[in-house]
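**Q** File follows, data.cif with mmCIF, C-alpha atoms:
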```
data_coords
loop_
_atom_site.label_atom_id
_atom_site.label_comp_id
_atom_site.auth_asym_id
_atom_site.auth_seq_id
_atom_site.Cartn_x
_atom_site.Cartn_y
_atom_site.Cartn_z
CA MET A 1 110.46 82.10 138.52
CA ASN A 2 106.77 82.78 137.89
CA ARG A 3 107.49 83.35 134.22
CA TYR A 4 109.45 80.09 134.08
CA ARG A 5 106.58 78.22 135.69
CA ARG A 6 104.13 79.78 133.28
CA VAL A 7 106.27 78.75 130.30
CA MET A 8 106.68 75.20 131.54
CA GLY A 9 103.00 75.00 132.37
CA ARG A 10 102.06 75.89 128.79
CA LEU A 11 104.62 73.50 127.28
CA ALA A 12 104.38 70.64 129.77
CA GLY A 13 101.41 68.93 128.11
CA PRO A 14 102.70 68.89 124.51
CA LEU A 15 106.24 67.99 125.65
CA ALA A 16 104.91 65.10 127.75
CA VAL A 17 102.94 63.78 124.78
CA LEU A 18 106.02 64.17 122.58
CA ALA A 19 108.18 62.31 125.09
CA ALA A 20 105.62 59.50 125.35
CA GLY A 21 105.56 59.16 121.57
CA ALA A 22 109.33 59.04 121.41
CA ALA A 23 109.32 56.37 124.10
CA ALA A 24 106.75 54.35 122.13
CA LEU A 25 108.93 54.54 119.01
CA ALA A 26 112.01 53.55 120.98
CA LEU A 27 110.12 50.57 122.43
CA PHE A 28 109.00 49.47 118.98
CA TRP A 29 112.48 49.63 117.49
CA GLY A 30 113.90 47.93 120.55
CA LEU A 31 111.46 45.03 120.14
CA SER A 32 111.61 44.87 116.33
CA GLY A 33 114.33 42.23 116.49
CA SER A 34 112.01 39.80 118.28
CA ARG A 35 110.08 37.78 115.70
CA ALA A 36 107.74 36.45 118.39
CA VAL A 37 106.81 39.95 119.57
CA MET A 38 106.27 41.22 116.02
CA ASN A 39 104.15 38.19 115.15
CA ALA A 40 102.04 38.86 118.24
CA LEU A 41 101.60 42.53 117.32
CA VAL A 42 100.57 41.62 113.80
CA ARG A 43 98.14 38.89 114.78
CA HIS A 44 96.51 40.55 117.77
CA ILE A 45 96.71 44.28 117.03
CA SER A 46 97.78 45.39 113.54
CA ARG A 47 95.65 43.17 111.33
CA PRO A 48 92.56 43.13 113.60
CA VAL A 49 92.59 46.94 113.84
CA ARG A 50 93.08 47.43 110.10
CA GLY A 51 90.41 44.86 109.38
CA ALA A 52 87.89 46.43 111.75
CA VAL A 53 88.40 50.00 110.53
CA SER A 54 88.37 48.97 106.86
CA ALA A 55 85.10 47.09 107.45
CA VAL A 56 83.48 50.26 108.82
CA LEU A 57 84.76 52.37 105.90
CA ASN A 58 84.18 49.74 103.21
CA PRO A 59 80.69 50.96 102.19
CA LEU A 60 82.02 54.45 101.43
CA PRO A 61 82.46 55.12 97.68
CA PHE A 62 85.51 57.27 98.41
CA SER A 63 88.78 56.73 100.24
CA GLY A 64 88.58 57.49 103.92
CA ALA A 65 92.36 57.47 103.88
CA GLU A 66 92.46 60.43 101.50
CA LEU A 67 89.98 62.31 103.67
CA LEU A 68 92.05 61.74 106.82
CA ILE A 69 95.28 62.66 105.05
CA THR A 70 93.71 65.84 103.69
CA LEU A 71 92.39 66.86 107.11
CA ALA A 72 95.74 66.07 108.74
CA VAL A 73 97.66 68.14 106.18
CA LEU A 74 95.25 71.07 106.53
CA ALA A 75 95.46 70.89 110.32
CA GLY A 76 99.24 70.77 110.18
CA LEU A 77 99.40 73.76 107.82
CA TRP A 78 97.00 75.70 110.06
CA MET A 79 99.15 74.99 113.12
CA LEU A 80 102.33 75.88 111.25
CA ALA A 81 100.86 79.11 109.93
CA GLY A 82 99.73 80.00 113.44
CA GLY A 83 103.19 79.30 114.79
CA ILE A 84 104.80 81.51 112.15
CA ARG A 85 102.33 84.28 112.92
CA CYS A 86 103.12 84.03 116.63
CA ALA A 87 106.85 84.12 115.93
CA VAL A 88 106.45 87.22 113.76
CA ARG A 89 104.64 88.88 116.67
CA ARG A 90 107.41 87.71 119.01
CA GLN A 91 104.95 85.55 120.93
CA TRP A 92 107.62 82.93 121.48
CA LEU A 93 105.73 80.88 124.03
CA ALA A 94 102.70 80.43 121.78
CA ALA A 95 104.94 79.66 118.80
CA GLY A 96 106.89 77.11 120.82
CA ARG A 97 103.71 75.45 122.02
CA ARG A 98 102.39 75.05 118.48
CA LEU A 99 105.73 73.62 117.39
CA ALA A 100 105.67 71.14 120.26
CA ILE A 101 102.12 70.09 119.38
CA LEU A 102 103.12 69.56 115.74
CA ALA A 103 106.16 67.52 116.77
CA ALA A 104 104.09 65.42 119.18
CA ALA A 105 101.46 64.74 116.51
CA GLY A 106 104.16 63.74 114.01
CA VAL A 107 105.83 61.36 116.43
CA TRP A 108 102.57 59.67 117.36
CA ILE A 109 101.52 59.34 113.73
CA TRP A 110 104.82 57.64 113.00
CA ALA A 111 104.38 55.40 116.04
CA GLY A 112 100.95 54.44 114.71
CA VAL A 113 102.42 53.60 111.31
CA CYS A 114 105.04 51.40 112.99
CA LEU A 115 102.42 49.55 115.03
CA LEU A 116 99.78 49.16 112.32
CA TRP A 117 102.10 48.50 109.37
CA GLY A 118 105.81 48.54 110.20
CA ALA A 119 105.48 45.43 112.38
CA GLU A 120 104.55 43.45 109.26
CA TYR A 121 108.11 43.82 107.95
CA TYR A 122 109.53 42.06 111.02
CA ALA A 123 106.88 39.33 111.34
CA ASP A 124 106.84 36.05 109.41
CA SER A 125 106.80 36.79 105.69
CA PHE A 126 104.37 35.33 103.18
CA ALA A 127 107.06 33.05 101.73
CA GLU A 128 108.03 31.81 105.19
CA THR A 129 104.43 31.21 106.20
CA GLU A 130 103.72 29.24 103.02
CA GLY A 131 107.08 27.46 102.99
CA ILE A 132 108.05 28.80 99.55
CA GLN A 133 111.72 28.49 98.62
CA ALA A 134 112.92 30.80 95.85
CA GLU A 135 116.22 29.39 94.59
CA PRO A 136 118.83 31.33 92.59
CA VAL A 137 117.66 31.77 89.01
CA SER A 138 119.73 30.93 85.93
CA VAL A 139 119.46 32.88 82.67
CA GLU A 140 117.97 29.80 81.02
CA GLN A 141 115.27 29.54 83.68
CA LEU A 142 114.58 33.25 83.48
CA ALA A 143 114.25 33.16 79.69
CA ALA A 144 112.07 30.04 79.73
CA THR A 145 109.72 31.57 82.30
CA ALA A 146 109.53 34.84 80.37
CA GLU A 147 108.69 32.90 77.21
CA TRP A 148 105.97 31.00 79.09
CA PHE A 149 104.50 34.27 80.38
CA ALA A 150 104.58 35.74 76.88
CA ARG A 151 102.45 32.83 75.68
CA GLN A 152 99.92 33.46 78.46
CA VAL A 153 99.84 37.16 77.57
CA ASN A 154 99.23 36.36 73.90
CA ALA A 155 96.50 33.85 74.77
CA THR A 156 94.56 36.34 76.89
CA ALA A 157 95.23 39.63 75.04
CA SER A 158 92.28 39.23 72.66
CA GLY A 159 89.84 38.55 75.49
CA VAL A 160 89.89 42.05 77.01
CA PRO A 161 88.09 45.23 75.83
CA ARG A 162 90.09 47.50 73.52
CA ASP A 163 89.64 50.97 72.05
CA GLU A 164 89.79 52.03 68.41
CA ASN A 165 93.60 52.09 68.60
CA GLY A 166 93.77 48.53 69.89
CA ALA A 167 94.82 49.47 73.43
CA PHE A 168 93.33 48.03 76.61
CA SER A 169 90.20 50.00 77.53
CA MET A 170 87.85 49.42 80.48
CA MET A 171 86.04 51.68 82.89
CA VAL A 172 87.58 51.93 86.34
CA GLU A 173 84.25 51.14 87.99
CA GLU A 174 83.97 47.85 86.10
CA ILE A 175 87.53 46.85 87.02
CA PHE A 176 86.76 47.56 90.66
CA ASP A 177 83.44 45.69 90.52
CA ARG A 178 85.17 42.62 89.10
CA SER A 179 87.56 42.52 92.06
CA GLU A 180 84.96 40.79 94.25
CA GLY A 181 86.16 37.28 94.99
CA LEU A 182 89.56 38.04 93.45
CA TYR A 183 91.41 36.11 96.16
CA ASP A 184 89.10 33.09 96.28
CA GLY A 185 91.31 31.07 93.95
CA VAL A 186 94.76 31.99 95.23
CA SER A 187 93.73 31.60 98.88
CA GLN A 188 93.02 27.92 98.17
CA ARG A 189 96.63 27.57 97.05
CA TYR A 190 97.97 29.80 99.83
CA PRO A 191 95.67 29.67 102.91
CA SER A 192 97.50 32.56 104.62
CA LEU A 193 95.95 34.89 102.02
CA THR A 194 92.43 34.22 103.22
CA GLY A 195 90.87 37.47 104.38
CA PRO A 196 87.79 39.66 104.29
CA GLN A 197 86.63 41.15 100.99
CA ARG A 198 87.19 44.89 100.72
CA ARG A 199 86.42 47.24 97.85
CA PRO A 200 89.24 49.19 96.20
CA LYS A 201 88.88 52.98 96.45
CA PRO A 202 89.65 55.46 93.64
CA ALA A 203 92.07 58.23 94.58
CA VAL A 204 90.89 61.81 94.11
CA TYR A 205 94.55 62.81 94.05
CA SER A 206 95.41 60.29 91.31
CA TYR A 207 97.25 62.81 89.16
CA ILE A 208 99.45 63.77 92.10
CA MET A 209 100.11 60.07 92.68
CA SER A 210 101.24 59.77 89.06
CA LEU A 211 103.60 62.68 89.50
CA THR A 212 105.16 60.82 92.44
CA GLY A 213 105.26 57.50 90.57
CA PHE A 214 102.71 55.66 92.72
CA THR A 215 99.88 53.47 91.46
CA GLY A 216 98.30 52.64 94.81
CA TYR A 217 98.81 52.42 98.55
CA ILE A 218 97.40 50.95 101.71
CA PHE A 219 96.83 53.37 104.57
CA PRO A 220 97.79 51.82 107.93
CA PHE A 221 95.13 53.68 109.93
CA THR A 222 92.18 52.65 107.76
CA GLY A 223 93.38 49.46 106.04
CA GLU A 224 91.96 50.73 102.75
CA SER A 225 93.42 50.17 99.29
CA THR A 226 93.49 53.49 97.43
CA LEU A 227 94.22 53.27 93.69
CA ASN A 228 95.59 55.68 91.12
CA VAL A 229 92.89 55.86 88.43
CA HIS A 230 94.63 58.44 86.25
CA CYS A 231 97.31 56.15 84.80
CA PRO A 232 96.62 53.64 81.97
CA ALA A 233 94.12 51.01 83.06
CA VAL A 234 95.97 47.94 81.76
CA PHE A 235 97.80 47.43 85.04
CA LEU A 236 94.97 48.63 87.30
CA PRO A 237 93.60 45.09 87.86
CA VAL A 238 96.96 43.70 88.99
CA THR A 239 97.53 46.83 91.11
CA VAL A 240 94.22 46.15 92.86
CA ALA A 241 95.47 42.62 93.51
CA HIS A 242 98.76 44.04 94.80
CA GLU A 243 97.04 46.30 97.31
CA PHE A 244 94.76 43.46 98.38
CA ALA A 245 97.94 41.50 99.15
CA HIS A 246 99.01 44.31 101.47
CA GLN A 247 95.58 44.21 103.12
CA ARG A 248 96.23 40.56 103.91
CA GLY A 249 99.55 41.37 105.56
CA VAL A 250 101.96 40.77 102.68
CA ALA A 251 104.25 43.73 103.39
CA PRO A 252 107.43 43.36 101.27
CA GLU A 253 106.84 44.74 97.79
CA GLN A 254 108.45 41.80 96.01
CA GLU A 255 106.12 39.35 97.71
CA ALA A 256 103.07 41.56 97.12
CA ASN A 257 103.92 41.68 93.41
CA TYR A 258 104.19 37.90 93.23
CA VAL A 259 100.95 37.43 95.15
CA ALA A 260 99.22 39.92 92.84
CA VAL A 261 100.26 37.95 89.75
CA ALA A 262 99.23 34.67 91.39
CA ALA A 263 95.85 36.09 92.44
CA CYS A 264 95.16 37.35 88.92
CA ALA A 265 96.30 34.06 87.36
CA ASP A 266 93.98 32.07 89.65
CA SER A 267 91.05 34.50 89.45
CA GLY A 268 89.24 33.05 86.44
CA ASP A 269 88.58 36.61 85.24
CA PRO A 270 90.05 37.29 81.77
CA VAL A 271 90.68 40.97 82.51
CA TYR A 272 92.58 40.27 85.72
CA GLU A 273 94.37 37.31 84.15
CA TYR A 274 95.68 39.40 81.26
CA SER A 275 96.77 42.25 83.53
CA GLY A 276 98.57 39.80 85.82
CA TRP A 277 100.33 37.90 83.03
CA LEU A 278 101.48 41.16 81.40
CA PHE A 279 102.68 42.55 84.72
CA GLY A 280 104.60 39.36 85.47
CA PHE A 281 106.07 39.33 81.99
CA GLN A 282 107.24 42.92 82.44
CA HIS A 283 109.19 42.01 85.56
CA LEU A 284 110.68 38.89 84.00
CA SER A 285 111.51 40.79 80.82
CA ASN A 286 113.27 43.57 82.71
CA ALA A 287 115.36 41.02 84.59
CA LEU A 288 116.17 39.14 81.37
CA TRP A 289 117.24 42.37 79.65
CA SER A 290 119.78 42.96 82.43
CA ALA A 291 121.05 39.37 82.24
CA ASP A 292 121.05 38.71 78.48
CA PRO A 293 119.92 41.53 76.12
CA GLU A 294 120.07 39.28 73.06
CA ARG A 295 117.84 36.64 74.59
CA TRP A 296 115.56 39.41 75.85
CA ALA A 297 115.08 40.69 72.29
CA GLN A 298 114.10 37.20 71.14
CA VAL A 299 111.54 36.76 73.91
CA TYR A 300 110.16 40.28 73.69
CA GLY A 301 109.66 39.81 69.97
CA THR A 302 107.17 37.00 70.61
CA LEU A 303 104.61 39.35 72.20
CA CYS A 304 101.44 39.93 70.20
CA PRO A 305 100.72 43.43 68.76
CA GLN A 306 97.97 44.11 71.36
CA ALA A 307 100.35 43.54 74.27
CA LEU A 308 103.05 45.64 72.65
CA GLN A 309 100.52 48.43 72.22
CA ASP A 310 99.50 48.25 75.88
CA LEU A 311 103.10 48.39 77.04
CA ALA A 312 103.82 51.31 74.72
CA VAL A 313 100.85 53.30 76.04
CA ASN A 314 101.86 52.57 79.62
CA ASN A 315 105.52 53.48 79.05
CA GLU A 316 104.60 56.69 77.24
CA TYR A 317 102.36 57.78 80.10
CA TRP A 318 104.94 57.21 82.81
CA ALA A 319 107.66 58.86 80.72
CA SER A 320 105.48 61.98 80.62
CA MET A 321 105.30 61.97 84.42
CA GLU A 322 109.04 61.84 85.05
CA GLY A 323 110.45 64.80 86.91
CA PRO A 324 111.89 66.04 90.22
CA VAL A 325 108.66 65.27 92.12
CA GLN A 326 108.87 61.59 91.18
CA THR A 327 112.58 61.48 91.99
CA VAL A 328 112.02 62.91 95.46
CA ALA A 329 109.03 60.64 96.07
CA GLU A 330 110.97 57.51 95.06
CA SER A 331 113.90 58.50 97.25
CA THR A 332 111.55 59.10 100.18
CA TYR A 333 109.81 55.76 99.74
CA THR A 334 113.14 54.00 99.38
CA GLY A 335 114.14 55.50 102.73
CA PHE A 336 110.83 54.33 104.21
CA LEU A 337 111.43 50.74 103.06
CA GLN A 338 115.02 50.75 104.23
CA SER A 339 113.97 52.03 107.65
CA TYR A 340 112.14 48.72 108.10
CA GLY A 341 115.03 46.59 106.94
CA GLN A 342 113.94 46.40 103.29
CA GLU A 343 117.48 46.97 102.09
CA MET A 344 116.67 46.64 98.39
CA GLY A 345 114.53 49.78 98.60
CA MET A 346 112.65 50.43 95.38
CA ARG A 347 114.65 47.67 93.70
CA SER A 348 112.67 45.18 95.77
CA TYR A 349 109.90 45.58 93.19
CA GLY A 350 111.97 43.46 90.82
CA ALA A 351 112.76 40.70 93.29
CA CYS A 352 109.42 38.96 92.70
CA VAL A 353 111.11 37.37 89.67
CA ASP A 354 112.59 34.59 91.81
CA LEU A 355 109.12 33.66 93.10
CA LEU A 356 107.61 33.79 89.60
CA VAL A 357 110.32 31.46 88.30
CA ALA A 358 109.92 29.14 91.30
CA ARG A 359 106.25 28.58 90.42
CA TRP A 360 106.03 28.92 86.65
CA CYS A 361 109.42 27.92 85.20
CA PRO A 362 108.84 25.10 82.66
CA ALA A 363 110.14 21.73 83.83
CA SER A 364 112.45 21.53 80.81
CA ALA A 365 114.45 24.51 82.08
CA ARG A 366 114.85 23.39 85.66
#
```
Just give me the structure of the file as structure tokens.
**A**
Amino acid sequence: MNRYRRVMGRLAGPLAVLAAGAAALALFWGLSGSRAVMNALVRHISRPVRGAVSAVLNPLPFSGAELLITLAVLAGLWMLAGGIRCAVRRQWLAAGRRLAILAAAGVWIWAGVCLLWGAEYYADSFAETEGIQAEPVSVEQLAATAEWFARQVNATASGVPRDENGAFSMMVEEIFDRSEGLYDGVSQRYPSLTGPQRRPKPAVYSYIMSLTGFTGYIFPFTGESTLNVHCPAVFLPVTVAHEFAHQRGVAPEQEANYVAVAACADSGDPVYEYSGWLFGFQHLSNALWSADPERWAQVYGTLCPQALQDLAVNNEYWASMEGPVQTVAESTYTGFLQSYGQEMGMRSYGACVDLLVARWCPASAR
């Protein structure tokens, strides 16, 4: 009996914390179907907390998110190694306690992610807030919009810095510096995008991000935008805009992509404009290729040599990064999106096409 009490006494604390975390997760999922509750969480907790923490960390030249993630991983590995050591020594109580602490920490981290970010998926979306209706898109509308984007790409391609090979070339620091005021224009069109200015942060682990297929992320606990600075820079401006959309509460990837293109288009900055037009064209072009390969070839052939060079450099880079790590990472992220009702998973990145066509389709094709 004394031994039983001693065991329960050592495990009671971690198990209680674990149970409380599980209860918090159950409560969140139970309330996730209530739009009113999720809207309240987003407006009064999630966004204010992310905004406050990101304001404190904004002056830092590095990503506080990466620092916290690194410390958390190291702490987790230290606890796990200690648990394995205890198990080898047959110190089952100590090993069990470490395992319970790890489980409790994992559950509460996930609960924090749900509260500070997951709620955004169940609250009013950007399109709903702004009253945007994306109708079904015909092949003719898709082709006409892609052609229109190609013209914008060609008009802005010569206005950006290029290297001796003719490819887009700009220092990361300058791209980041030019992000100030990026949302001033688009927030006049869409007032829900009004928000505090935050600086993008370069990722120390950018190469690892490339191996996993990621170009940037927002960390729920700090509200920071951390960017992959190892991949080709041509899409870095629009990726900054994409992560800024997440900072403003645009959670679904398809909406964040549309908002990123719109922000770049309305920015008045030639570098961001070009990156946004090319990014939008890429999505429209991919959709057109699936719908009508012959028409796709006609539209794609209208791109200027500079844009074709930028796309070739970008495609070559990402082809070199393909492998099992990227496959696992994409599958994991797909599962993450689907856990919040984003049923399209990674395919949701292509769904911004409907919104692009809704805004930019030429009147002659409607």
**Q** Kindly extract all protein, DNA and RNA residues lying within 12 Å of the coordinates (106.1, 30.0, 89.3) given in the file, considering only C-alpha atoms, and supply them as a ChimeraX atom specification.
**A** /A:132-135,137,141-142,144-146,148-149,258-259,261-262,265,277,280-281,284,352-363,366
**Q** List every protein, DNA or RNA residue that has an atom no more than 8 Å from (108.7, 58.1, 114.5) in the file's coordinate frame, counting all atoms listed in the file, and report them as a PyMOL selection string.
**A** chain A and resi 21-22+25+106-111+114
**Q** Give me, please, the distance in Å between CA of Cys86 (chain A) and CA of Leu74 (chain A), quoted to one decimal.
**A** 18.2 Å
**Q** Go through A:Arg85, A:Pro200, A:Gln254, A:Leu116 one by one, measure the shortest atom-to-atom distance of each to Glu173 (chain A) using all atoms listed in the file, and give the residue with the smallest value.
**A**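 Looking at the shortest contact to Glu173 (chain A), the residue is A:Pro200.
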**Q** Pick from A:Val299, A:Ala241, A:Val56, A:Val88: nearest to Leu182 (chain A), with all atoms listed in the file counted?
**A**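 Checking each candidate against Leu182 (chain A), we get A:Ala241 as the closest.
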**Q** Excluding Arg97 (chain A) and any residue of its chain fewer than 5 positions from it, enumerate the residues within 9 Å of it, using only C-alpha atoms, and give them as number ranges by chain.
**A** A: 10-11, 14-15, 83, 92, 102
**Q** Take the residues from that selection and write them out as an mmCIF file, keeping the file's coordinate frame, keeping C-alpha atoms.
**A**
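The resulting selection10.cif:
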```cif
data_model
loop_
_atom_site.group_PDB
_atom_site.id
_atom_site.type_symbol
_atom_site.label_atom_id
_atom_site.label_comp_id
_atom_site.auth_asym_id
_atom_site.auth_seq_id
_atom_site.Cartn_x
_atom_site.Cartn_y
_atom_site.Cartn_z
ATOM 1 C CA ARG A 10 102.060 75.890 128.790
ATOM 2 C CA LEU A 11 104.620 73.500 127.280
ATOM 3 C CA PRO A 14 102.700 68.890 124.510
ATOM 4 C CA LEU A 15 106.240 67.990 125.650
ATOM 5 C CA GLY A 83 103.190 79.300 114.790
ATOM 6 C CA TRP A 92 107.620 82.930 121.480
ATOM 7 C CA LEU A 102 103.120 69.560 115.740
#
```
**Q** As number ranges by chain, please: the residues near Phe219 (chain A) (cut-off 10 Å, all atoms listed in the file, same-chain neighbours under 5 positions excluded).
**A** A: 50, 54, 63-66, 68-69, 113, 116-117, 224-226, 246-247
